[in-house]
Structures are given as structure tokens and as C-alpha cells.
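Reproduced below: protein.tsv, with TSV, C-alpha atoms and all ligand atoms.
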```tsv
chain	number	residue	atom	x	y	z
S	1	MET	CA	-11.65	18.38	4.71
S	2	ALA	CA	-12.40	15.03	3.09
S	3	VAL	CA	-14.25	12.82	5.55
S	4	ASP	CA	-15.60	9.38	4.85
S	5	ALA	CA	-17.21	7.44	7.70
S	6	GLU	CA	-14.68	7.76	10.57
S	7	ILE	CA	-11.70	8.18	8.29
S	8	VAL	CA	-10.31	11.69	8.30
S	9	PHE	CA	-7.92	12.26	5.44
S	10	PRO	CA	-4.92	14.37	6.55
S	11	VAL	CA	-4.91	17.96	5.40
S	12	ILE	CA	-1.68	19.77	6.32
S	13	GLU	CA	-1.31	23.51	5.92
S	14	PHE	CA	2.17	24.73	5.09
S	15	HIS	CA	2.27	28.28	6.43
S	16	SER	CA	5.37	30.23	5.45
S	17	SER	CA	6.03	30.97	9.14
S	18	ASP	CA	6.46	27.21	9.82
S	19	LEU	CA	8.79	26.50	6.94
S	20	GLU	CA	12.01	27.46	8.67
S	21	ARG	CA	13.90	24.31	9.47
S	22	GLY	CA	14.44	23.57	13.16
S	23	THR	CA	11.65	25.80	14.47
S	24	GLU	CA	8.79	24.42	16.56
S	25	GLY	CA	6.37	24.92	13.69
S	26	TRP	CA	8.69	23.01	11.35
S	27	ASN	CA	9.03	20.12	13.79
S	28	ARG	CA	5.25	19.92	14.15
S	29	LEU	CA	4.88	19.75	10.37
S	30	CYS	CA	7.56	17.05	10.13
S	31	LYS	CA	5.67	14.87	12.59
S	32	ARG	CA	2.34	15.31	10.82
S	33	VAL	CA	3.86	14.65	7.39
S	34	ARG	CA	5.52	11.48	8.61
S	35	GLU	CA	2.34	10.23	10.30
S	36	ALA	CA	0.31	10.93	7.17
S	37	CYS	CA	2.82	9.15	4.92
S	38	GLU	CA	3.07	6.16	7.24
S	39	THR	CA	-0.68	5.80	7.74
S	40	PHE	CA	-2.20	6.94	4.45
S	41	GLY	CA	0.75	7.15	2.07
S	42	CYS	CA	-0.49	10.57	1.03
S	43	PHE	CA	-1.92	13.84	2.28
S	44	GLU	CA	-3.39	17.10	1.10
S	45	VAL	CA	-0.90	19.92	1.38
S	46	VAL	CA	-2.31	23.42	1.43
S	47	TYR	CA	0.44	25.54	-0.06
S	48	GLU	CA	-0.31	29.13	-0.95
S	49	ASN	CA	3.24	29.90	-2.10
S	50	ILE	CA	2.17	28.60	-5.50
S	51	SER	CA	-0.33	31.26	-6.44
S	52	LYS	CA	-3.87	30.70	-7.66
S	53	ASN	CA	-3.06	32.86	-10.69
S	54	ILE	CA	-0.36	30.53	-11.86
S	55	ARG	CA	-2.66	27.54	-11.43
S	56	GLU	CA	-5.33	29.27	-13.48
S	57	ASP	CA	-2.81	30.10	-16.19
S	58	VAL	CA	-1.51	26.54	-16.24
S	59	PHE	CA	-4.94	24.98	-16.65
S	60	GLY	CA	-5.93	27.52	-19.32
S	61	LEU	CA	-2.82	26.46	-21.24
S	62	LEU	CA	-3.60	22.78	-20.75
S	63	LYS	CA	-6.92	23.28	-22.51
S	64	GLU	CA	-4.99	24.71	-25.46
S	65	LEU	CA	-2.57	21.81	-25.35
S	66	PHE	CA	-5.27	19.15	-25.56
S	67	ASP	CA	-6.72	20.96	-28.59
S	68	VAL	CA	-3.61	20.49	-30.76
S	69	PRO	CA	-4.06	18.05	-33.67
S	70	VAL	CA	-3.49	14.42	-32.80
S	71	GLU	CA	-0.58	14.12	-35.31
S	72	ARG	CA	1.38	16.52	-33.12
S	73	LYS	CA	0.36	14.85	-29.89
S	74	GLN	CA	1.70	11.57	-31.25
S	75	LYS	CA	5.14	13.13	-31.52
S	76	ASN	CA	5.32	13.31	-27.72
S	77	THR	CA	7.18	10.01	-27.39
S	78	SER	CA	9.96	8.75	-25.14
S	79	PRO	CA	12.06	5.59	-24.90
S	80	ILE	CA	11.37	5.64	-21.15
S	81	PRO	CA	8.14	3.86	-20.20
S	82	PHE	CA	5.21	6.11	-19.18
S	83	HIS	CA	6.98	9.28	-20.41
S	84	GLY	CA	5.02	10.01	-23.61
S	85	TRP	CA	1.53	10.87	-24.88
S	86	VAL	CA	-1.24	8.35	-24.34
S	87	GLY	CA	-4.62	8.80	-25.99
S	88	PRO	CA	-7.90	7.27	-24.92
S	89	CYS	CA	-7.48	3.48	-24.96
S	90	LYS	CA	-8.95	0.39	-23.34
S	91	GLU	CA	-5.75	-0.44	-21.40
S	92	ILE	CA	-5.99	2.80	-19.40
S	93	SER	CA	-9.42	4.31	-20.01
S	94	LEU	CA	-11.41	5.72	-22.89
S	95	LEU	CA	-11.84	8.83	-20.75
S	96	TYR	CA	-8.09	9.40	-20.28
S	97	GLU	CA	-5.52	11.34	-22.26
S	98	GLY	CA	-2.08	12.37	-20.98
S	99	PHE	CA	1.16	14.00	-22.13
S	100	GLY	CA	4.59	13.38	-20.60
S	101	LEU	CA	7.29	16.00	-20.16
S	102	GLY	CA	10.57	14.70	-18.77
S	103	ASP	CA	13.13	16.85	-16.94
S	104	ALA	CA	10.35	19.39	-16.56
S	105	SER	CA	12.15	21.94	-14.42
S	106	ASN	CA	14.64	22.40	-17.26
S	107	TYR	CA	13.46	25.25	-19.51
S	108	ASP	CA	15.03	23.73	-22.64
S	109	SER	CA	13.13	20.53	-22.13
S	110	ILE	CA	9.81	22.43	-21.99
S	111	LYS	CA	10.85	24.43	-25.04
S	112	SER	CA	11.52	21.27	-27.07
S	113	PHE	CA	8.12	19.93	-26.05
S	114	ALA	CA	6.32	23.17	-27.00
S	115	GLN	CA	8.12	23.37	-30.35
S	116	VAL	CA	6.64	20.04	-31.29
S	117	MET	CA	3.13	21.16	-30.29
S	118	TRP	CA	3.02	24.69	-31.73
S	119	PRO	CA	4.77	26.22	-34.76
S	120	ASP	CA	5.81	29.30	-32.72
S	121	GLY	CA	6.99	27.22	-29.73
S	122	HIS	CA	4.44	29.03	-27.51
S	123	PRO	CA	6.82	30.99	-25.23
S	124	HIS	CA	4.00	31.82	-22.77
S	125	PHE	CA	3.32	28.09	-22.30
S	126	CYS	CA	7.03	27.54	-21.64
S	127	ASP	CA	7.25	30.35	-19.07
S	128	ILE	CA	4.16	29.34	-17.12
S	129	ILE	CA	4.78	25.59	-17.15
S	130	HIS	CA	8.38	26.20	-16.13
S	131	ALA	CA	7.29	28.40	-13.22
S	132	MET	CA	4.79	25.77	-12.09
S	133	THR	CA	7.09	22.75	-12.41
S	134	THR	CA	10.02	24.38	-10.64
S	135	GLN	CA	7.74	25.36	-7.75
S	136	MET	CA	6.23	21.89	-7.56
S	137	GLU	CA	9.75	20.45	-7.50
S	138	GLU	CA	10.60	22.80	-4.60
S	139	LEU	CA	7.51	21.71	-2.70
S	140	ASN	CA	8.41	18.08	-3.23
S	141	LYS	CA	11.93	18.71	-1.87
S	142	LEU	CA	10.48	20.48	1.14
S	143	ILE	CA	8.31	17.47	1.95
S	144	TRP	CA	11.27	15.11	1.57
S	145	LEU	CA	13.24	17.28	3.97
S	146	MET	CA	10.41	17.00	6.49
S	147	ILE	CA	10.40	13.21	6.14
S	148	ILE	CA	14.18	13.09	6.58
S	149	ASP	CA	14.06	15.37	9.63
S	150	SER	CA	11.19	13.40	11.15
S	151	TYR	CA	13.39	10.27	11.13
S	152	GLY	CA	16.40	12.23	12.39
S	153	LEU	CA	18.42	11.47	9.24
S	154	GLY	CA	21.07	13.54	7.53
S	155	GLU	CA	20.09	15.49	4.44
S	156	LYS	CA	22.19	13.26	2.21
S	157	SER	CA	20.25	10.14	3.12
S	158	LEU	CA	17.73	10.63	0.33
S	159	ASN	CA	19.73	10.88	-2.84
S	160	LYS	CA	18.79	14.04	-4.71
S	161	ASN	CA	19.72	12.64	-8.11
S	162	TYR	CA	16.35	12.82	-9.69
S	163	LYS	CA	14.40	14.67	-12.34
S	164	THR	CA	10.80	15.73	-12.43
S	165	LEU	CA	8.51	14.10	-14.96
S	166	VAL	CA	5.32	16.05	-15.43
S	167	ARG	CA	2.23	14.38	-16.78
S	168	MET	CA	-0.55	16.65	-17.99
S	169	MET	CA	-3.90	14.92	-18.06
S	170	LYS	CA	-7.42	15.34	-19.29
S	171	TYR	CA	-10.34	13.11	-18.36
S	172	THR	CA	-13.56	13.40	-20.30
S	173	PRO	CA	-16.87	12.72	-18.55
S	174	PRO	CA	-18.65	9.37	-18.91
S	175	GLN	CA	-22.17	8.88	-20.26
S	176	PRO	CA	-24.78	10.76	-18.18
S	177	GLY	CA	-25.46	9.04	-14.86
S	178	GLU	CA	-22.41	6.75	-15.11
S	179	TYR	CA	-19.55	6.45	-12.61
S	180	GLU	CA	-16.58	5.28	-14.59
S	181	SER	CA	-12.85	4.71	-14.23
S	182	GLY	CA	-10.63	7.47	-15.66
S	183	LEU	CA	-7.42	5.85	-14.41
S	184	PHE	CA	-7.16	2.35	-12.97
S	185	ALA	CA	-6.08	1.61	-9.39
S	186	HIS	CA	-2.30	1.74	-9.03
S	187	THR	CA	0.60	2.78	-6.86
S	188	ASP	CA	3.04	5.28	-8.36
S	189	LYS	CA	6.40	3.73	-9.24
S	190	PRO	CA	8.73	6.74	-8.68
S	191	LEU	CA	9.80	8.21	-5.35
S	192	SER	CA	6.86	10.53	-4.89
S	193	THR	CA	4.22	12.48	-6.78
S	194	LEU	CA	2.56	15.83	-6.34
S	195	ILE	CA	-0.84	16.03	-7.96
S	196	CYS	CA	-2.56	19.29	-8.79
S	197	GLU	CA	-6.14	19.25	-10.05
S	198	TYR	CA	-8.39	22.08	-11.12
S	199	GLN	CA	-11.95	22.40	-9.86
S	200	ILE	CA	-13.20	18.94	-10.82
S	201	PRO	CA	-12.58	16.15	-8.29
S	202	GLY	CA	-11.98	12.53	-9.26
S	203	LEU	CA	-8.96	11.28	-7.30
S	204	GLU	CA	-9.69	8.43	-4.89
S	205	ILE	CA	-7.41	6.60	-2.48
S	206	GLU	CA	-7.71	3.14	-1.01
S	207	VAL	CA	-7.63	3.34	2.76
S	208	ASN	CA	-8.34	-0.22	3.80
S	209	ASP	CA	-8.53	-3.18	1.53
S	210	GLY	CA	-11.22	-2.22	-0.94
S	211	GLN	CA	-12.42	0.91	0.88
S	212	TRP	CA	-12.08	4.02	-1.25
S	213	ILE	CA	-12.36	7.64	-0.29
S	214	LYS	CA	-12.85	10.38	-2.81
S	215	LEU	CA	-10.82	13.53	-2.30
S	216	SER	CA	-13.71	15.73	-3.19
S	217	ASN	CA	-13.02	18.91	-1.26
S	218	LEU	CA	-9.44	19.79	-2.07
S	219	SER	CA	-8.88	23.51	-1.53
S	220	PRO	CA	-7.91	25.64	-4.55
S	221	SER	CA	-4.43	26.01	-2.99
S	222	SER	CA	-3.92	22.29	-2.41
S	223	PHE	CA	-1.76	19.58	-3.87
S	224	VAL	CA	-1.86	15.90	-3.03
S	225	PHE	CA	1.48	14.38	-2.06
S	226	VAL	CA	1.65	10.66	-2.85
S	227	VAL	CA	4.31	8.22	-1.63
S	228	GLY	CA	5.51	6.02	-4.52
S	229	ASP	CA	6.87	2.47	-4.45
S	230	THR	CA	10.46	3.71	-4.56
S	231	LEU	CA	10.08	5.97	-1.52
S	232	LYS	CA	8.40	3.10	0.31
S	233	ALA	CA	11.41	0.89	-0.47
S	234	TRP	CA	13.85	3.66	0.53
S	235	SER	CA	12.02	4.01	3.87
S	236	ASN	CA	12.36	0.25	4.44
S	237	GLY	CA	8.60	-0.12	4.23
S	238	ARG	CA	7.76	2.49	6.87
S	239	LEU	CA	6.05	4.80	4.41
S	240	LYS	CA	3.04	3.42	2.60
S	241	ALA	CA	2.73	3.52	-1.19
S	242	VAL	CA	-0.95	4.34	-1.48
S	243	THR	CA	-3.18	2.75	-4.10
S	244	HIS	CA	-5.19	5.41	-5.91
S	245	ARG	CA	-7.35	5.83	-8.99
S	246	VAL	CA	-9.43	8.42	-10.82
S	247	MET	CA	-13.20	7.96	-11.09
S	248	MET	CA	-15.31	10.22	-13.27
S	249	ASN	CA	-18.92	11.28	-13.16
S	250	GLY	CA	-20.80	14.48	-14.00
S	251	ASP	CA	-20.54	16.29	-17.30
S	252	LYS	CA	-17.29	18.25	-17.14
S	253	ASP	CA	-13.76	17.56	-18.33
S	254	ARG	CA	-11.22	17.13	-15.54
S	255	TYR	CA	-7.66	18.41	-15.94
S	256	SER	CA	-4.75	17.56	-13.65
S	257	ILE	CA	-0.97	17.74	-13.51
S	258	SER	CA	1.24	15.23	-11.74
S	259	ALA	CA	4.91	15.92	-10.96
S	260	PHE	CA	6.77	12.64	-10.41
S	261	ALA	CA	10.22	12.51	-8.80
S	262	ILE	CA	12.14	10.09	-11.06
S	263	PRO	CA	15.59	8.92	-9.88
S	264	ASN	CA	18.28	9.40	-12.53
S	265	GLU	CA	19.75	6.41	-14.28
S	266	ILE	CA	22.25	4.44	-12.20
S	267	THR	CA	20.96	5.93	-8.95
S	268	ILE	CA	20.75	3.10	-6.49
S	269	ILE	CA	17.79	3.08	-4.13
S	270	LYS	CA	18.94	1.97	-0.72
S	271	ALA	CA	17.35	2.30	2.71
S	272	PRO	CA	19.46	4.36	5.16
S	273	LYS	CA	20.99	2.13	7.83
S	274	GLU	CA	19.20	4.15	10.55
S	275	LEU	CA	15.89	2.80	9.25
S	276	ILE	CA	16.99	-0.82	9.63
S	277	ASP	CA	17.02	-2.49	13.03
S	278	GLU	CA	15.61	-5.52	14.80
S	279	GLN	CA	12.08	-4.19	14.80
S	280	HIS	CA	12.48	-3.10	11.20
S	281	PRO	CA	14.55	-5.72	9.38
S	282	GLN	CA	15.73	-4.82	5.90
S	283	LEU	CA	12.86	-5.55	3.51
S	284	TYR	CA	14.30	-4.70	0.09
S	285	ASN	CA	17.40	-5.28	-1.98
S	286	ASP	CA	19.12	-2.16	-3.25
S	287	PHE	CA	18.01	-1.47	-6.79
S	288	ASP	CA	18.32	0.82	-9.78
S	289	PHE	CA	15.03	2.62	-10.42
S	290	MET	CA	15.26	2.24	-14.22
S	291	ASP	CA	15.52	-1.53	-13.79
S	292	TYR	CA	12.35	-1.38	-11.73
S	293	LEU	CA	10.57	0.66	-14.40
S	294	LEU	CA	11.62	-1.84	-17.05
S	295	PHE	CA	10.43	-4.70	-14.85
S	296	VAL	CA	7.03	-3.04	-14.46
S	297	SER	CA	6.62	-2.20	-18.13
S	298	SER	CA	7.91	-5.50	-19.51
S	299	ASP	CA	5.56	-8.39	-19.98
S	300	PRO	CA	2.25	-6.79	-19.03
S	301	LYS	CA	0.77	-10.29	-18.90
S	302	LYS	CA	2.46	-10.81	-15.54
S	303	ARG	CA	-0.54	-8.93	-14.25
S	304	ILE	CA	0.92	-8.46	-10.80
S	305	ASN	CA	-1.27	-6.14	-8.83
S	306	SER	CA	0.33	-2.68	-9.02
S	307	GLY	CA	0.76	-2.44	-5.24
S	308	GLN	CA	2.67	-5.74	-5.19
S	309	GLN	CA	5.13	-4.95	-7.98
S	310	ILE	CA	7.80	-3.50	-5.70
S	311	ASP	CA	7.77	-6.63	-3.56
S	312	ALA	CA	7.86	-8.89	-6.61
S	313	PHE	CA	10.87	-6.93	-7.89
S	314	ALA	CA	12.94	-6.09	-4.82
S	315	ALA	CA	11.71	-7.83	-1.66
S	316	LEU	CA	14.39	-9.59	0.34
S	317	SER	CA	13.22	-12.79	1.72
S	318	PRO	CA	13.74	-13.46	4.48
S	319	PRO	CA	14.23	-9.85	5.71
S	320	VAL	CA	17.55	-9.16	7.48
S	321	SER	CA	18.24	-7.10	10.62
S	322	ASN	CA	21.01	-4.57	10.70
I	1	LIG	O1	-5.16	12.78	-12.27
I	1	LIG	C1	-4.96	12.51	-11.10
I	1	LIG	O2	-5.52	13.14	-10.18
I	1	LIG	C2	-4.06	11.39	-10.67
I	1	LIG	C3	-3.12	10.92	-11.71
I	1	LIG	C4	-2.26	9.76	-11.25
I	1	LIG	O3	-2.53	9.10	-10.31
I	1	LIG	C5	-1.03	9.43	-12.01
I	1	LIG	O4	-0.79	10.06	-13.05
I	1	LIG	O5	-0.29	8.54	-11.57
I	2	FE	FE	-0.82	7.88	-9.73
```
Represent the structure from my file as C-alpha cells, please.
Ligand SMILES: O=C(O)CCC(=O)C(=O)O
Ligand SMILES: [Fe+2]
Amino acid sequence: MAVDAEIVFPVIEFHSSDLERGTEGWNRLCKRVREACETFGCFEVVYENISKNIREDVFGLLKELFDVPVERKQKNTSPIPFHGWVGPCKEISLLYEGFGLGDASNYDSIKSFAQVMWPDGHPHFCDIIHAMTTQMEELNKLIWLMIIDSYGLGEKSLNKNYKTLVRMMKYTPPQPGEYESGLFAHTDKPLSTLICEYQIPGLEIEVNDGQWIKLSNLSPSSFVFVVGDTLKAWSNGRLKAVTHRVMMNGDKDRYSISAFAIPNEITIIKAPKELIDEQHPQLYNDFDFMDYLLFVSSDPKKRINSGQQIDAFAALSPPVSN
């Protein structure tokens, strides 16, 4: 368990026996998930249904992926912001490198990606990454269902029109003795993210203004669920979009995979009416996620703090009661 001073970061175990909707175990999980997302905006989920073997296979394959020649890496591009390859650079970090794979639970999409990286299209890569991304997508859906149930909402209240974007990342170590940023402080823009790392810690979350805790003891079966700006807006501000970053020290490369839930084009993000009342006046205008992404990626000189971008884009002022 990650403990820093008095702050105890929530670690929630998802045992198969508790995953049947409506049971006592399920209801307990729903409550804990909601509390964690409202207080921290994230939590560690221990989930053994995704096996350790598959994780090992995935990270073995990632090492191969990062070894492909840079000319091929550069072909991983996308018209959608944040969806392509990014090499070490000053804007992000000289320690960071990441690939983007959109619609990642779709086998054909993985196949197209692999065909660009390897002459034989690496079928084993496709099979393993597909198995991992579909299971991460399932886990994400399960957590959404818990959030929906915890607020007593109908299943349809969180629009399921979304695709999973997977980012596969490598962070190289800094100079000996240094403690350096691998990824700057930010909130995630999509609905939610599941992060999976392998052996080397580095992820930190901001718990109070300026107080960071390092998630240094994640179990080998754990993922970190992160509430993004869009889920915060959907929840009418009840869920917190947590600011997080990656800090590197030591002498080993760190590999991680993030699965982002990206609403499809023309999906309108709108808080359910049940989450709007006098105590919780409506905080955000309805919006199209792609417009938000364009807002965030346009004019980087705006330099709005990442955690304030959703308010700058969609906040209703003054808020209105239902
Ligand atoms: O590598 C990690 O652990 C976190 C990555 C992350 O925060 C992101 O890709 O948005
Ligand atoms: Fe992130």
C-alpha cells in the first residue's frame, strides 16, 4: 500500500466473487470506487483476471517495439492530437518516448500498426496486445458500471460511444543521482485512463496543492484507474480529475501502457440530470470531446494549467440548478 505521511492511497481489490452486479460485495466495491474517485480522482485496482503472464508478454514485446528504427516509429502518426509517436523532446521530456494506437481493441487497427513497425506484421505482437487491450477495456467498463451504480443511475447514463487509445511508453533513466521529470504534471483529457506499469515505479499524483505521492508499491496485478477531465465534467464535478506526473530516478528504463477511453466524434458529454440539483448546480456546458481536444492542442501558448483546461473550455458561469 502506498502511504505518505497520513495520506493512504486507495487500493481496491476486485475479487471475482464480488464482481456480480447487485451483490453485497459489488455494492461495497461501488462505494469504495466512488469514494476514491471523488477524493483522489484515482485508485489502485488489484485485478488478477488479467494474468501476470500476459503482462510479462506485453512488456517483452514493448522492448522489441522501442528497438525498431526511428524511421518506422515516425510513421506512427495521426490527425488526432496525442495519438501518434512522440520521441524524446524538450516539450515533454528528454526521457520520454511514446507510441499511440487508436481503436486498440480492434484487431485490424493493431495489425495496421504492426505492419508499419515490422515487415512480417508481427502476428504475436498483434495477438498479445489485442488480448491486453480488450481486457483493459473490459476493466474500464466494469469501473464505470460501479460509478454509475454508486450514484443510482441507469446504465445508459454514461454514453458507451468511445474507443480505446493505447499509449505505449518508455522512460529512460536520468543521470546518476538525479530525480527528473519523465512526463510533466497534467490531468488526462479523456473520460478515464487505466495505467499499467512494469516493475519500475515513477507515477506520482498530486493530493493537495503541491503535495505529491509516489505510487511506489503497486502490486504486480495492479492497474491505476485515473479520472479524466471529461469524466469529471460528466459527473458534474463530483469526481476529481487528478493531476499526475512521472518522475524518474535510478538506472533502469521504465515501461508503461495507458488505455484511454476516448469518446467518439460527435458524442456529446452531458451530466445526467440526477447529478444536478440545488447542492450540485450544473457546472459545465454540454460539449463534444473532439472540440475539447482541439481546444487543448491549439495554441499551446495559452499555457493554461492542465487541470484548469476543462473549466476554461466548458465551465458554465454562473452554475445553474436543475
Ligand atoms: O506512464 C505512466 O505511468 C503515466 C502516463 C500518463 O500519465 C499518460 O500517458 O497520460
Ligand atoms: Fe496521464
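Computed from the coordinates, the atom CA of Tyr162 of chain S to atom CA of Asn264 of chain S distance equals 4.8 Å.
Distances from S:Gly154, S:Pro81, S:Gly237, S:Gly100 to ligand LIG 1 (chain I) were compared using all atoms listed in the file, and the smallest one belongs to S:Gly100.
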Q: Skip segment 279-294 of chain S itself and residues of its chain fewer than 5 positions away, then list as a ChimeraX atom specification all residues within 10 Å of it, counting all atoms listed in the file.
A: /S:80-82,189-191,229-230,232-238,262-274,299,309-311,313-322
Write out, as a tab-separated table, each residue of chain S that has an atom at most 7 Å from ligand LIG 1 (chain I), together with the closest pair of atoms and their distance in Å to one decimal, counting all atoms listed in the file, rows going by chain and rising number.
```
residue	atom	partner	partner_atom	distance
S:Arg167	CA	I:LIG1	O4	6.5
S:Met169	CA	I:LIG1	O1	6.3
S:Asp188	CA	I:LIG1	O5	5.7
S:Ile195	CA	I:LIG1	O2	5.9
S:Cys196	CA	I:LIG1	O2	7.0
S:Glu197	CA	I:LIG1	O2	6.1
S:Gly202	CA	I:LIG1	O2	6.6
S:Leu203	CA	I:LIG1	O2	4.9
S:His244	CA	I:LIG1	O3	6.3
S:Arg245	CA	I:LIG1	O3	6.0
S:Val246	CA	I:LIG1	C1	6.1
S:Ser256	CA	I:LIG1	O1	5.0
S:Ile257	CA	I:LIG1	O1	6.6
S:Ser258	CA	I:LIG1	O4	5.7
```
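Considering the residues S:Ala241, S:Val46, S:Ile110, S:Val296 and counting only C-alpha atoms and all ligand atoms, ligand FE 2 (chain I) has its shortest atom-to-atom contact with S:Ala241.
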(Q) Report as a PyMOL selection string all protein, DNA and RNA residues lying within 10 Å of Gln74 of chain S, evaluated on only C-alpha atoms, omitting residues in the same chain fewer than 3 positions from it. (A) chain S and resi 69-71+77+84-87+99+116-117
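Among the candidates S:Glu206, S:Glu97, S:Asp103, S:Asp18, the one nearest to Tyr47 of chain S when counting all atoms listed in the file is S:Asp18.
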Q. Any idea what the distance is between atom CA of Leu139 of chain S and atom CA of Val33 of chain S?
A. 12.8 Å
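For the pair atom CA of Lys141 of chain S and atom FE of ligand FE 2 (chain I), the interatomic distance is 18.5 Å.
Shortest separation to ligand FE 2 (chain I) among S:Phe184, S:Tyr255, S:Tyr198, S:Trp212 occurs at residue S:Phe184, atoms counted being all atoms listed in the file.
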**Q.** Within 12 Å of file point (8.9, 21.2, -27.9), counting all atoms listed in the file, expressed as an NGL selection string
**A.** :S and (65 or 72-73 or 75-77 or 100-102 or 104 or 107-123 or 125-126)
